[in-house]
Amino acid sequence: MTNKTITTEKLSGTDLYQALIDKKVKIAVIGLGYVGLPIALEFAKQLSVIGFDINKQRIAMMQEGIDPSRELVATDFENKDILFTHNVDDLQEARFYIVAVPTPINEHKIPNLKALISASTNIGSVLKQGDYVVFESTVYPGCTEEDCIPVLEKLSGLKAVTDFKIGYSPERINPGDKEHTISKITKVVSGCDAESLEVIAKVYELIVEAGVYRASSIKVAEAAKVIENTQRDLNIALMNELSIIFDKMNINTPDVLAAAGTKWNFLRFFPGLVGGHCIGVDPYYLTYKSIQLGYKPQIILSGRRINDEMAAYVAKKTVQQLIQLGKNIGQTKVLVMGATFKENVSDIRNSKVAQLVEELQSFFINVDLVDPHASTKEVEHEYGLQLCPEIGKDYDGIILAVKHEEYLQLDEPYFKSILKPDGIFIDIKGVFNHQIKDIPYWTL
C-alpha cells in the first residue's frame, strides 16, 4: 500500500482495518443524532471520520462544536479528526460506513424505513469493492438483508458478501446517561461472513472498553436489539396495570413496590408514561414482522396497548380528582411539569406528555406546560403545543410528569405557593411519595 489515501483499491478485511488505523481510508457515520454523533466523535479520537447528516442546520451547528441534541459539550468536539458534511459526494472518501439513522413508526404503528432506505441509497451511490457497511438502527430481524442490501446492490452494481461486506451492530446509547456511554457498554456485532465479523469486531474494539460480543448472525443481532426494549416495555406495562389495580384498592403502588423490592430477585420496574424513540417504538418492529409471518403476538401487543393508554388514564384520574375537590373543570388551570420523553434530556420524540396535555385540553382544562430542557420551537413544531416561559400561580392542579433534576430540588412549600388552597398534586413517577403532607396527592 502507498502512503496516499486509498479510495478505490479493493482491500481485504485485514488490509482495510490497517488502512483505517493508518488513516489511509476514512470511516463514515451516517446520521448524527443521539446515537451517531457520539459514535463519530469516539472514532475520531483514533481514525479519520466523515460525519454525515442530511440536515444542513445540524451540520452547521456541529461544525461550530455544538451538539444539536444538547447531550455533548464543546470540549467533546476538540482534537477530533472529523469532517461534518451534508454533501453525499464527501462519502466517496470512506471505505467503512456506519448507519445510525432513526427508525420510527407511522401513525398506524407501522415501521417507517424512509431514513434507512435513504441512507442505503446514499451509500450505494458511492460504494466500492471491498467496502464495509454496518447498520446500527433498530429494525426487525431480516431488515438489513431483505430491505437494505438490495438497495446497496442496485445503486452500486456490486454484490453483497463477494464485493462488499455487511454487518449489524445494534446501538445501546441511553440519552441523558453519563455513566453508560458508548465505550462502557458491551457492543453486539455481527457480519455477513466470518471475515466481516472479525473486521467489524476489531473496528468497534478500538472504542469500546467494555468489550465486543460476536453474534452468530445478522438476524440474531437484530433480534437481540429489538427484544431488549420489548422486554422493558412489557415489564413497565405490568407495573402500569398493577398501579391501576392498586388504585382501585386504595393501595399506594410505590409502597407496594418498595416492599416487594426487598426480595433479591424482584425486578425493579416502575409505572409511568412510556414514550421516546426506543421503548415505545421498537416492539412494533417485532410485531410487524411477526404478523407478516402469520402470527399475531398476544403479550407484546397487550403491553403496548396498556402503555399507550396511560396518558389518557392519568388525564382521566386528574379530572376525577379535580371534580372530587369541587372544581368546575372548564374553569380549572393545571400546570404540567416536563415535556420530554424522559428526565434530564431535551428529546421530545414520541413524548407521551404531549398526549397527556391534549387529553386534559379535551376536557377544556387550561394547561400550562413547562420544561427546563425542551426546545419551545421543537415542541410547537412537533405537537402544536406552547411551552410557558415561566411557572405561574394559582393552579388548581400540578402534574409532575418528568422527574428532571431541577424538579427534584423542589419541596411541598413551593408547590403550595403556586397552588390554590384547594389544589391537588399529581405525581406520575411517585417522586414525592410520602413527602407531600398538606396537599391532596395522587400517584401511579
# chains A, B, ... in the order shown; residues from 1 in each chain; ligands from 1
$ residues_around --residues "segment 342-346 of chain A" --least-positions-apart "6" --cutoff "7 Å" --atoms "only C-alpha atoms" --output "CSV table (one decimal) with N, CA and C atoms, in the first residue's frame"
chain,number,residue,atom,x,y,z
A,69,SER,N,-28.5,18.0,19.9
A,69,SER,CA,-29.2,17.3,20.8
A,69,SER,C,-28.9,17.6,22.3
A,70,ARG,N,-27.9,18.5,22.4
A,70,ARG,CA,-27.6,19.0,23.8
A,70,ARG,C,-27.1,17.9,24.7
A,175,PRO,N,-29.9,8.1,26.0
A,175,PRO,CA,-29.8,9.5,26.2
A,175,PRO,C,-29.9,10.0,27.6
A,176,GLY,N,-29.0,11.0,27.9
A,176,GLY,CA,-29.0,11.5,29.3
A,176,GLY,C,-28.2,10.7,30.3
A,373,HIS,N,-35.6,21.7,29.8
A,373,HIS,CA,-34.7,21.1,28.8
A,373,HIS,C,-35.2,21.2,27.4
A,374,ALA,N,-36.5,21.1,27.2
A,374,ALA,CA,-37.1,21.1,25.9
A,374,ALA,C,-37.0,22.4,25.2
A,402,VAL,N,-42.4,14.6,34.4
A,402,VAL,CA,-41.0,14.2,34.1
A,402,VAL,C,-40.1,14.6,35.3
A,403,LYS,N,-39.4,13.6,35.8
A,403,LYS,CA,-38.6,13.9,37.0
A,403,LYS,C,-37.2,14.5,36.7
A,404,HIS,N,-37.2,15.7,36.1
A,404,HIS,CA,-36.0,16.4,35.8
A,404,HIS,C,-35.3,16.7,37.1
A,405,GLU,N,-34.0,16.8,37.1
A,405,GLU,CA,-33.2,17.1,38.3
A,405,GLU,C,-33.6,18.4,38.9
$ closest_atom_pairs --of "segment 344-429 of chain A" --to "segment 243-258 of chain A" --cutoff "12 Å" --atoms "only C-alpha atoms" --output "tab-separated table"
residue	atom	partner	partner_atom	distance
A:Asp427	CA	A:Pro254	CA	11.2
A:Ile428	CA	A:Pro254	CA	10.7
A:Lys429	CA	A:Pro254	CA	8.8
$ residues_around --residues "Asn122 of chain A" --least-positions-apart "3" --cutoff "9 Å" --atoms "only C-alpha atoms" --output "count of residues only"
10
$ atom_distance --atom1 "atom CA of Leu113 of chain A" --atom2 "atom CA of Leu286 of chain A"
13.8 Å
$ closest_atom_pairs --of "segment 326-369 of chain A" --to "segment 389-399 of chain A" --cutoff "6 Å" --atoms "only C-alpha atoms" --output "tab-separated table"
residue	atom	partner	partner_atom	distance
A:Thr332	CA	A:Asp396	CA	5.8
A:Lys333	CA	A:Tyr395	CA	5.3
A:Val334	CA	A:Gly397	CA	4.7
A:Leu335	CA	A:Ile398	CA	4.7
A:Val336	CA	A:Ile399	CA	4.8
$ write_last_selection --atoms "C-alpha atoms" --output "compact mmCIF listing (two decimals), in the first residue's frame"
# COMPACT_ATOMS: atom_id res chain seq x y z
CA THR A 332 -59.53 24.94 36.05
CA LYS A 333 -55.87 25.65 35.34
CA VAL A 334 -53.32 22.84 35.58
CA LEU A 335 -49.52 23.01 35.45
CA VAL A 336 -47.75 20.12 33.68
$ closest_atom_pairs --of "segment 109-175 of chain A" --to "segment 222-229 of chain A" --cutoff "12 Å" --atoms "only C-alpha atoms" --output "tab-separated table"
residue	atom	partner	partner_atom	distance
A:Val134	CA	A:Glu222	CA	11.9
A:Phe135	CA	A:Glu222	CA	9.6
A:Glu136	CA	A:Glu222	CA	9.0
A:Ser137	CA	A:Glu222	CA	9.2
A:Thr138	CA	A:Val226	CA	6.6
A:Val139	CA	A:Glu222	CA	6.4
A:Tyr140	CA	A:Glu222	CA	6.4
A:Pro141	CA	A:Glu222	CA	5.0
A:Gly142	CA	A:Glu222	CA	7.5
A:Cys143	CA	A:Glu222	CA	8.3
A:Thr144	CA	A:Glu222	CA	8.4
A:Glu145	CA	A:Glu222	CA	10.6
A:Gly167	CA	A:Glu222	CA	10.3
A:Tyr168	CA	A:Glu222	CA	7.1
A:Ser169	CA	A:Glu222	CA	7.9
A:Pro170	CA	A:Lys225	CA	5.9
A:Glu171	CA	A:Lys225	CA	7.9
A:Arg172	CA	A:Lys225	CA	8.2
A:Ile173	CA	A:Lys225	CA	11.7
A:Asn174	CA	A:Asn229	CA	11.6
$ select_by_dssp --residues "segment 83-296 of chain A" --states "alpha helix (DSSP H)" --output "NGL selection string"
:A and (114-124 or 143 or 149-156 or 194-205 or 218-248 or 253-260 or 282-292)
$ closest_residue --among "A:Arg268, A:His108, A:Lys165, A:Lys416" --to "Lys437 of chain A" --atoms "only C-alpha atoms"
A:Lys416
$ closest_residue --among "A:Met61, A:Cys278, A:Ala237, A:Leu242" --to "Asp308 of chain A" --atoms "only C-alpha atoms"
A:Ala237
